[in-house]
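Undergrad: Sharing protein_1.cif (mmCIF, C-alpha atoms) below.
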```cif
data_entry
loop_
_atom_site.label_atom_id
_atom_site.label_comp_id
_atom_site.auth_asym_id
_atom_site.auth_seq_id
_atom_site.Cartn_x
_atom_site.Cartn_y
_atom_site.Cartn_z
CA MET A 1 54.96 -11.64 37.42
CA GLU A 2 58.45 -12.78 38.33
CA PRO A 3 60.81 -15.36 36.89
CA VAL A 4 59.89 -18.89 37.97
CA ILE A 5 61.06 -19.99 41.41
CA MET A 6 60.55 -23.74 41.21
CA LYS A 7 59.94 -24.28 44.92
CA LYS A 8 57.20 -21.64 45.07
CA VAL A 9 55.48 -22.95 41.95
CA GLN A 10 55.72 -26.55 43.17
CA ASP A 11 54.23 -25.58 46.55
CA ALA A 12 51.32 -23.87 44.78
CA LEU A 13 50.79 -26.87 42.47
CA ASP A 14 50.67 -29.09 45.56
CA HIS A 15 48.18 -26.73 47.19
CA PHE A 16 45.71 -27.03 44.29
CA ALA A 17 46.04 -30.83 43.93
CA ASN A 18 42.94 -32.95 44.63
CA LYS A 19 40.61 -29.96 44.54
CA GLU A 20 38.01 -28.81 42.04
CA VAL A 21 39.92 -26.06 40.26
CA TYR A 22 39.44 -23.91 37.17
CA ILE A 23 42.17 -23.57 34.61
CA HIS A 24 43.00 -21.09 31.90
CA MET A 25 45.37 -22.41 29.29
CA GLU A 26 46.47 -20.94 25.98
CA THR A 27 49.19 -21.05 23.41
CA THR A 28 49.49 -18.36 20.79
CA ASN A 29 51.70 -16.95 18.04
CA GLY A 30 49.56 -13.83 17.86
CA ALA A 31 46.96 -13.02 15.24
CA TYR A 32 49.43 -11.17 13.03
CA ALA A 33 52.12 -13.85 12.69
CA SER A 34 51.07 -14.95 9.20
CA HIS A 35 50.46 -11.33 8.10
CA HIS A 36 54.03 -10.35 8.91
CA ASN A 37 55.48 -13.59 7.56
CA GLU A 38 53.30 -15.41 5.06
CA SER A 39 55.37 -18.59 5.34
CA PHE A 40 54.67 -18.78 9.08
CA PHE A 41 52.13 -21.40 10.11
CA SER A 42 50.10 -19.83 12.89
CA ALA A 43 48.51 -22.09 15.49
CA GLY A 44 47.23 -21.80 19.01
CA ALA A 45 44.71 -23.17 21.47
CA TYR A 46 42.67 -21.62 24.25
CA ILE A 47 40.54 -22.92 27.08
CA ARG A 48 39.18 -20.80 29.92
CA ASN A 49 37.40 -21.98 33.03
CA ALA A 50 37.71 -25.68 32.36
CA GLN A 51 37.04 -27.41 35.66
CA ILE A 52 39.49 -30.15 36.57
CA ASN A 53 40.75 -32.08 39.56
CA TYR A 54 44.36 -33.24 39.33
CA GLU A 55 46.07 -35.90 41.41
CA HIS A 56 49.42 -34.23 41.31
CA GLY A 57 51.20 -31.46 39.49
CA LYS A 58 54.87 -31.02 38.77
CA ILE A 59 57.19 -28.34 37.39
CA THR A 60 60.35 -29.56 35.69
CA GLY A 61 63.13 -28.32 33.42
CA ASN A 62 65.96 -25.82 33.70
CA GLY A 63 64.03 -22.85 32.36
CA PRO A 64 61.97 -22.32 30.39
CA TYR A 65 60.03 -24.82 32.46
CA ARG A 66 57.40 -27.45 31.84
CA VAL A 67 54.35 -27.96 34.03
CA GLY A 68 52.23 -31.13 34.00
CA LEU A 69 49.03 -31.95 35.86
CA LYS A 70 48.06 -35.63 36.13
CA LEU A 71 44.30 -36.19 36.07
CA ALA A 72 42.50 -39.39 37.08
CA ILE A 73 42.08 -40.25 33.39
CA GLY A 74 44.24 -37.74 31.54
CA TRP A 75 46.82 -35.00 31.50
CA VAL A 76 47.27 -31.26 31.19
CA TYR A 77 50.68 -29.84 30.38
CA ALA A 78 52.35 -26.68 29.18
CA GLU A 79 55.90 -25.97 28.09
CA GLY A 80 57.84 -22.74 27.78
CA ILE A 81 56.86 -21.37 31.21
CA THR A 82 59.16 -18.50 32.29
CA HIS A 83 57.17 -16.44 34.81
CA PHE A 84 54.71 -16.95 37.64
CA GLU A 85 52.63 -15.02 40.12
CA LEU A 86 50.41 -15.87 43.07
CA ASP A 87 47.94 -13.06 42.68
CA ASP A 88 45.73 -11.31 45.22
CA LYS A 89 42.95 -13.84 44.58
CA ASN A 90 45.27 -16.75 45.45
CA ARG A 91 45.44 -17.89 41.87
CA LEU A 92 48.56 -19.44 40.40
CA LEU A 93 49.32 -17.61 37.15
CA MET A 94 52.07 -19.07 34.99
CA ALA A 95 53.15 -17.80 31.60
CA GLY A 96 55.89 -18.15 29.04
CA HIS A 97 57.15 -14.91 27.54
CA ASP A 98 59.42 -14.74 24.51
CA PHE A 99 62.54 -12.57 24.29
CA ASP A 100 60.45 -9.51 23.38
CA GLY A 101 58.20 -9.97 26.41
CA LYS A 102 55.30 -11.34 24.37
CA LEU A 103 53.14 -14.04 25.89
CA ALA A 104 53.43 -17.38 24.08
CA VAL A 105 51.83 -19.76 26.56
CA ALA A 106 49.81 -19.47 29.76
CA LEU A 107 48.58 -21.92 32.37
CA GLN A 108 46.58 -20.57 35.30
CA ILE A 109 44.93 -22.41 38.20
CA SER A 110 42.23 -21.01 40.49
CA GLU A 111 39.69 -22.30 43.00
CA THR A 112 37.15 -19.77 41.68
CA PRO A 113 36.21 -19.15 38.04
CA PHE A 114 38.24 -16.62 36.07
CA ASN A 115 36.31 -13.51 34.94
CA MET B 1 36.53 16.15 5.01
CA GLU B 2 32.78 16.25 4.60
CA LYS B 3 30.84 17.48 7.64
CA GLU B 4 28.81 14.68 9.25
CA THR B 5 25.97 14.91 11.76
CA GLN B 6 27.10 11.89 13.79
CA VAL B 7 29.95 9.43 13.37
CA LEU B 8 29.90 5.85 14.68
CA VAL B 9 33.18 3.96 14.90
CA VAL B 10 32.97 0.19 15.48
CA PHE B 11 36.16 -1.78 16.13
CA PRO B 12 36.94 -4.86 18.22
CA HIS B 13 40.07 -3.81 20.16
CA PRO B 14 41.28 -0.88 22.21
CA ASP B 15 43.95 0.69 19.93
CA ASP B 16 42.21 -0.22 16.63
CA GLU B 17 40.84 3.31 16.64
CA ALA B 18 44.27 4.84 17.25
CA PHE B 19 46.37 3.51 14.38
CA GLY B 20 44.22 3.82 11.30
CA VAL B 21 41.54 6.40 12.01
CA SER B 22 42.30 8.61 15.03
CA GLY B 23 43.23 11.56 12.82
CA THR B 24 39.88 11.24 11.07
CA ILE B 25 38.08 10.99 14.42
CA ALA B 26 39.89 14.05 15.77
CA THR B 27 39.06 16.02 12.62
CA HIS B 28 35.34 15.21 12.85
CA ILE B 29 35.33 16.22 16.51
CA ASN B 30 37.14 19.48 15.68
CA MET B 31 34.37 20.17 13.16
CA GLY B 32 31.82 19.78 15.95
CA THR B 33 30.56 16.33 14.98
CA PRO B 34 29.91 13.96 17.89
CA VAL B 35 31.68 10.61 17.62
CA THR B 36 30.51 7.38 19.25
CA TYR B 37 33.11 4.65 19.56
CA ALA B 38 31.81 1.12 20.15
CA CYS B 39 34.70 -1.12 21.14
CA LEU B 40 33.73 -4.78 21.19
CA THR B 41 36.41 -6.23 23.51
CA LEU B 42 39.10 -5.18 25.94
CA GLY B 43 41.90 -6.84 24.00
CA GLU B 44 42.17 -9.43 26.74
CA MET B 45 44.41 -11.63 24.60
CA GLY B 46 47.11 -9.07 23.89
CA ARG B 47 50.54 -10.68 23.96
CA ASN B 48 52.78 -7.82 24.95
CA MET B 49 53.48 -8.27 28.67
CA GLY B 50 56.86 -6.52 28.79
CA ASN B 51 60.29 -7.71 29.84
CA PRO B 52 60.22 -7.69 32.84
CA PRO B 53 56.44 -8.19 32.68
CA PHE B 54 54.21 -5.24 33.62
CA ALA B 55 50.98 -7.25 33.25
CA ASN B 56 49.55 -10.73 33.32
CA ARG B 57 46.56 -12.34 31.58
CA GLU B 58 44.21 -11.24 34.34
CA THR B 59 45.44 -7.65 34.79
CA LEU B 60 45.87 -6.83 31.07
CA PRO B 61 42.15 -6.10 30.43
CA LEU B 62 42.09 -3.58 33.29
CA ILE B 63 45.15 -1.82 31.92
CA ARG B 64 43.71 -1.76 28.41
CA GLU B 65 40.35 -0.44 29.62
CA TYR B 66 42.14 2.45 31.27
CA GLU B 67 44.16 3.09 28.10
CA LEU B 68 41.01 2.99 25.96
CA LYS B 69 39.33 5.62 28.13
CA GLU B 70 42.47 7.74 28.03
CA ALA B 71 42.66 7.56 24.22
CA ALA B 72 38.97 8.48 23.98
CA ARG B 73 39.55 11.46 26.24
CA ILE B 74 42.52 12.64 24.15
CA LEU B 75 40.49 12.39 20.94
CA GLY B 76 37.44 14.06 22.49
CA ILE B 77 35.16 11.06 22.01
CA SER B 78 32.12 11.86 24.15
CA ASP B 79 30.39 8.50 23.84
CA LEU B 80 32.51 5.40 24.43
CA ARG B 81 30.71 2.07 24.48
CA GLN B 82 32.38 -1.10 25.74
CA LEU B 83 30.34 -3.91 24.29
CA GLY B 84 31.72 -6.67 26.54
CA TYR B 85 32.72 -9.30 24.01
CA ARG B 86 35.92 -11.24 24.49
CA ASP B 87 39.06 -10.78 22.43
CA LYS B 88 39.55 -13.34 19.64
CA THR B 89 36.03 -14.76 19.98
CA ILE B 90 34.01 -12.41 17.73
CA GLU B 91 34.09 -14.78 14.74
CA PHE B 92 32.60 -17.54 16.91
CA GLU B 93 29.63 -15.48 18.11
CA ASP B 94 26.15 -16.19 16.77
CA GLU B 95 26.05 -14.11 13.57
CA ALA B 96 22.38 -13.14 13.80
CA LYS B 97 22.76 -11.96 17.39
CA LEU B 98 25.85 -9.96 16.54
CA THR B 99 24.09 -8.38 13.55
CA ASN B 100 21.15 -7.46 15.78
CA ALA B 101 23.46 -5.88 18.33
CA MET B 102 25.02 -3.75 15.59
CA ALA B 103 21.60 -2.88 14.14
CA ALA B 104 20.37 -1.74 17.56
CA LEU B 105 23.47 0.39 18.01
CA ILE B 106 23.00 2.02 14.61
CA ALA B 107 19.29 2.63 15.25
CA GLU B 108 20.10 4.34 18.53
CA VAL B 109 23.14 6.39 17.51
CA LYS B 110 21.75 7.37 14.06
CA PRO B 111 25.12 7.95 12.42
CA SER B 112 25.51 9.69 9.08
CA LEU B 113 28.86 7.88 8.76
CA ILE B 114 30.02 4.52 10.11
CA ILE B 115 33.69 3.53 10.23
CA THR B 116 34.64 -0.14 10.67
CA PHE B 117 36.92 -2.81 9.19
CA TYR B 118 36.53 -4.13 5.66
CA PRO B 119 35.39 -7.76 6.09
CA GLY B 120 37.84 -10.22 4.59
CA TYR B 121 40.70 -7.72 4.20
CA SER B 122 41.53 -6.77 7.76
CA VAL B 123 43.93 -9.55 8.86
CA HIS B 124 42.71 -10.26 12.40
CA PRO B 125 39.68 -12.59 12.61
CA ASP B 126 38.01 -10.18 15.08
CA HIS B 127 38.46 -7.31 12.60
CA ASP B 128 36.86 -9.28 9.78
CA ALA B 129 33.99 -10.55 11.94
CA CYS B 130 33.33 -7.08 13.38
CA GLY B 131 33.28 -5.48 9.93
CA ALA B 132 31.07 -8.25 8.56
CA ALA B 133 28.50 -7.76 11.34
CA VAL B 134 28.35 -4.01 10.71
CA VAL B 135 28.03 -4.58 6.96
CA ARG B 136 25.16 -7.03 7.54
CA ALA B 137 23.40 -4.59 9.86
CA VAL B 138 23.71 -1.70 7.41
CA GLY B 139 22.72 -3.97 4.52
CA GLN B 140 19.42 -4.74 6.25
CA LEU B 141 18.39 -1.09 6.00
CA PRO B 142 16.58 0.14 2.89
CA SER B 143 19.24 1.52 0.54
CA ASP B 144 18.07 5.15 0.92
CA LYS B 145 18.30 4.90 4.73
CA ARG B 146 21.86 3.58 4.90
CA PRO B 147 24.55 5.72 6.48
CA LYS B 148 27.83 6.02 4.61
CA LEU B 149 30.07 3.09 5.40
CA HIS B 150 33.82 3.66 5.31
CA CYS B 151 35.95 0.56 5.82
CA VAL B 152 39.58 0.17 6.82
CA ALA B 153 41.56 -2.61 5.11
CA PHE B 154 45.20 -3.58 5.40
CA SER B 155 45.64 -7.21 4.39
CA ASN B 156 48.57 -7.83 2.04
CA ASN B 157 46.16 -8.57 -0.82
CA CYS B 158 43.63 -5.78 -0.22
CA VAL B 159 44.62 -3.37 -3.02
CA GLU B 160 44.97 -6.24 -5.45
CA GLU B 161 41.45 -7.47 -4.71
CA ILE B 162 39.37 -4.40 -3.81
CA GLY B 163 41.41 -1.74 -5.54
CA GLU B 164 42.90 1.47 -4.19
CA PRO B 165 41.05 3.19 -1.33
CA ASP B 166 38.59 5.76 -2.65
CA ILE B 167 39.10 8.01 0.37
CA VAL B 168 42.46 9.17 1.73
CA HIS B 169 42.45 11.74 4.52
CA ASP B 170 45.62 13.74 5.10
CA ILE B 171 45.48 14.17 8.88
CA ARG B 172 48.74 16.11 9.31
CA ALA B 173 46.88 18.98 11.00
CA VAL B 174 45.94 16.72 13.92
CA ALA B 175 49.01 14.46 13.84
CA ASP B 176 50.02 15.35 17.41
CA THR B 177 46.62 14.28 18.70
CA LYS B 178 46.90 11.06 16.73
CA ILE B 179 50.33 10.29 18.17
CA ASP B 180 49.05 11.03 21.68
CA ALA B 181 46.14 8.62 21.11
CA ILE B 182 48.57 5.93 19.95
CA LYS B 183 50.76 6.62 22.99
CA ALA B 184 47.75 6.29 25.30
CA HIS B 185 47.69 2.57 24.46
CA ARG B 186 51.01 2.26 26.20
CA SER B 187 50.86 -1.47 26.89
CA GLN B 188 50.58 -2.07 23.16
CA THR B 189 52.61 0.71 21.66
CA GLN B 190 55.47 1.76 23.91
CA LEU B 191 58.02 -0.19 21.86
CA MET B 192 56.94 1.27 18.54
CA VAL B 193 56.15 4.88 19.47
CA GLU B 194 59.75 5.97 19.91
CA ASN B 195 60.74 4.50 16.59
CA MET B 196 57.72 6.19 15.01
CA ALA B 197 58.51 9.64 16.42
CA GLU B 198 62.16 9.32 15.38
CA LYS B 199 61.26 8.41 11.79
CA LEU B 200 58.73 11.25 11.53
CA LYS B 201 61.38 13.68 12.70
CA ASP B 202 63.68 12.42 9.94
CA ASN B 203 60.85 12.77 7.38
CA ASP B 204 60.92 9.05 6.63
CA PRO B 205 58.53 8.77 3.65
CA ALA B 206 57.04 5.36 4.55
CA MET B 207 56.37 6.40 8.15
CA MET B 208 54.90 9.76 7.10
CA LYS B 209 52.57 7.98 4.71
CA TRP B 210 51.56 5.48 7.40
CA VAL B 211 50.83 8.11 10.04
CA TYR B 212 49.49 11.00 7.93
CA ASN B 213 47.34 9.16 5.40
CA GLU B 214 44.19 7.46 6.66
CA ARG B 215 42.72 5.25 3.98
CA PHE B 216 39.14 4.10 3.58
CA TRP B 217 37.16 2.05 1.12
CA THR B 218 33.51 3.01 0.77
CA TYR B 219 31.59 -0.23 1.13
CA LYS B 220 29.48 -0.91 -1.94
CA PHE B 221 26.42 -3.11 -1.48
CA SER B 222 25.80 -5.18 -4.58
#
```
Would you mind writing the file out in structure tokens?

TA:
Amino acid sequence: MEPVIMKKVQDALDHFANKEVYIHMETTNGAYASHHNESFFSAGAYIRNAQINYEHGKITGNGPYRVGLKLAIGWVYAEGITHFELDDKNRLLMAGHDFDGKLAVALQISETPFN
Amino acid sequence: MEKETQVLVVFPHPDDEAFGVSGTIATHINMGTPVTYACLTLGEMGRNMGNPPFANRETLPLIREYELKEAARILGISDLRQLGYRDKTIEFEDEAKLTNAMAALIAEVKPSLIITFYPGYSVHPDHDACGAAVVRAVGQLPSDKRPKLHCVAFSNNCVEEIGEPDIVHDIRAVADTKIDAIKAHRSQTQLMVENMAEKLKDNDPAMMKWVYNERFWTYKFS
């Protein structure tokens, strides 16, 4: 992955708009957060291969970035995005990595289901 | 360490075998005992991607599969099973199905000793759910047909609640193999390995205890 280049991400978001696409989205503190610090409230969410069709998508912010997808009757968004990649299967992979290089958030869009 | 006829290790993530029990595995293999390692997932949800990133969500499982095979090779594990579950989902699986899968594995491998996590005292939900499934599968067997069941625990409250471990293996004789197995899981361990080697060189007591002593609680069925 490489640091976000807004133009490239925006072009990819435009490419996937108004299509049946699959998304992977997660937020995580890691399973050990509360073990290492018992006062830490650990929370996260995960969805893989949800099928959506968004009207338009947008990346905003000055980095870390925010990405929002507007659905006919709802929204998908993620914040804290730092890196992206258009992989060899033409999927848009976006992730937010903390200062230690640990993944904290991911939003991925693909025209075919993820494995 | 007592000589076993067959050891079965059941953990959910590539690298679970390296930290707490790889010295024990290497010792059994050195004694001529075959070891089967059933690893439930590929650690797909690992968070360490590196800075700059060396992996992404979709490539991480492939990297970790390679590392798992490499660690198994270093330890001399002849029978590595990848069970195909997904990281962080074990606790949501159907319990009866998971128990049956473990029971089938045990019936096939016929271990004299099983090593897994102590349910409820192993921090990660996958660890607890994996250990619980193995405990249920062993518990279904008549008491005279049960293999020994040694569990790994490391939650902050484990000693307080289940007492001191009844088995502590000093694995110093195979420490190099253990460190190589930990190193094999490079995507997970590259940051910590240097620090670990440095502290061992300086005879840091806490690090020596952590690396050289492998602790187990014999599971007691009530």

Undergrad: Got a sec to resolve the PyMOL selection byres ((chain A) within 12 of (chain B)) on this structure and send the residues as a PyMOL selection string?

TA: chain A and resi 1-3+24-38+44-48+82-89+91-110+113-115

Undergrad: If the PyMOL selection byres ((chain B and resi 178-180) around 8) is run on the structure shown, which residues does it catch, given as a PDB file with C-alpha atoms, keeping the file's coordinate frame?

TA:
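The new file selection_39.pdb reads:
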```
ATOM      1  CA  ALA B  18      44.270   4.840  17.250  1.00  0.00           C
ATOM      2  CA  PHE B  19      46.370   3.510  14.380  1.00  0.00           C
ATOM      3  CA  SER B  22      42.300   8.610  15.030  1.00  0.00           C
ATOM      4  CA  GLY B  23      43.230  11.560  12.820  1.00  0.00           C
ATOM      5  CA  ALA B  26      39.890  14.050  15.770  1.00  0.00           C
ATOM      6  CA  ALA B  71      42.660   7.560  24.220  1.00  0.00           C
ATOM      7  CA  ILE B  74      42.520  12.640  24.150  1.00  0.00           C
ATOM      8  CA  LEU B  75      40.490  12.390  20.940  1.00  0.00           C
ATOM      9  CA  VAL B 174      45.940  16.720  13.920  1.00  0.00           C
ATOM     10  CA  ALA B 175      49.010  14.460  13.840  1.00  0.00           C
ATOM     11  CA  ASP B 176      50.020  15.350  17.410  1.00  0.00           C
ATOM     12  CA  THR B 177      46.620  14.280  18.700  1.00  0.00           C
ATOM     13  CA  ALA B 181      46.140   8.620  21.110  1.00  0.00           C
ATOM     14  CA  ILE B 182      48.570   5.930  19.950  1.00  0.00           C
ATOM     15  CA  LYS B 183      50.760   6.620  22.990  1.00  0.00           C
ATOM     16  CA  ALA B 184      47.750   6.290  25.300  1.00  0.00           C
TER      17      ALA B 184
END
```

Undergrad: Of the residues A:Ile23, A:Ala12, A:Ala17, A:Val76, which is the one nearest to A:Glu55, using only C-alpha atoms?

TA: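 Distance minimum relative to A:Glu55 lands on A:Ala17.
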
Undergrad: Atom CA of A:Thr112 to atom CA of A:His15: how many Å, to one decimal?

TA: 14.2 Å

Undergrad: Extract, using only C-alpha atoms, all DNA, RNA and protein residues at most 12 Å from B:Thr41, discarding same-chain residues fewer than 4 positions from it, and format them as a list of chain:residue names.

TA: B:Val10, B:Phe11, B:Pro12, B:His13, B:Pro14, B:Asp15, B:Asp16, B:Met45, B:Gly46, B:Pro61, B:Leu62, B:Arg64, B:Glu65, B:Leu68, B:Arg81, B:Gln82, B:Leu83, B:Gly84, B:Tyr85, B:Arg86, B:Asp87, B:Lys88, B:Thr89, B:Ile90, B:Asp126, B:His127, B:Cys130

Undergrad: For atom CA of A:Lys8 and atom CA of A:Leu69, quote the distance in Å rounded to one decimal.

TA: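 Separating atom CA of A:Lys8 from atom CA of A:Leu69 is a distance of 16.1 Å.
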
Undergrad: Give me the residues within 9 Å of B:Val135 as a list in words, counting all atoms listed in the file and dropping any in the same chain fewer than 5 places off.

TA: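 Returned residues: Thr99, Thr116, Tyr118, Pro119, Cys130, Gln140, Leu149, Tyr219 and Phe221 of chain B.
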
Undergrad: Could you give me, as a list in words, the residues within 8 Å of A:Tyr77, counting all atoms listed in the file and dropping anything in the same chain fewer than 4 positions from it?

TA: Arg66, Val67, Gly68 and Leu69 of chain A

Undergrad: List as a VMD selection string the protein and nucleic acid residues near B:Leu113, meaning an atom at most 9 Å away when only C-alpha atoms are counted, but skip any in the same chain fewer than 5 places from it.

TA: chain B and resid 4 to 9 147 to 150

Undergrad: Which residues, named as in the file, does the PyMOL selection byres ((chain B and resi 133) around 8) pick out? Answer as a list in words.

TA: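 Evaluating the PyMOL selection byres ((chain B and resi 133) around 8) on these coordinates yields Glu95, Leu98, Thr99, Met102, Ala129, Cys130, Gly131, Ala132, Val134, Val135, Arg136 and Ala137 of chain B.
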
Undergrad: Between B:Gly76, B:Pro34, B:Gly120, B:Gly43, which one has atoms that come closest to B:Asn157, using all atoms listed in the file?

TA: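 The answer is B:Gly120, which sits nearest to B:Asn157.
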
Undergrad: Which one of B:Lys220, B:Met1, B:Asn203, B:Glu161 sits closest to B:Asn30 if you count all atoms listed in the file?

TA: B:Met1

Undergrad: For B:Phe216, which of B:Ile63, B:Met31, B:Val159, B:Val193 is the closest residue, counting all atoms listed in the file?

TA: B:Val159

Undergrad: To one decimal in Å, tell me the separation between atom CA of A:Gly61 and atom CA of A:Met6.

TA: 9.4 Å

Undergrad: Find, counting only C-alpha atoms, the residue in B:His28, B:Arg73, B:Arg215, B:Lys97 that gets nearest to B:His169.

TA: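 Residue with the minimum atom-to-atom distance to B:His169: B:Arg215.
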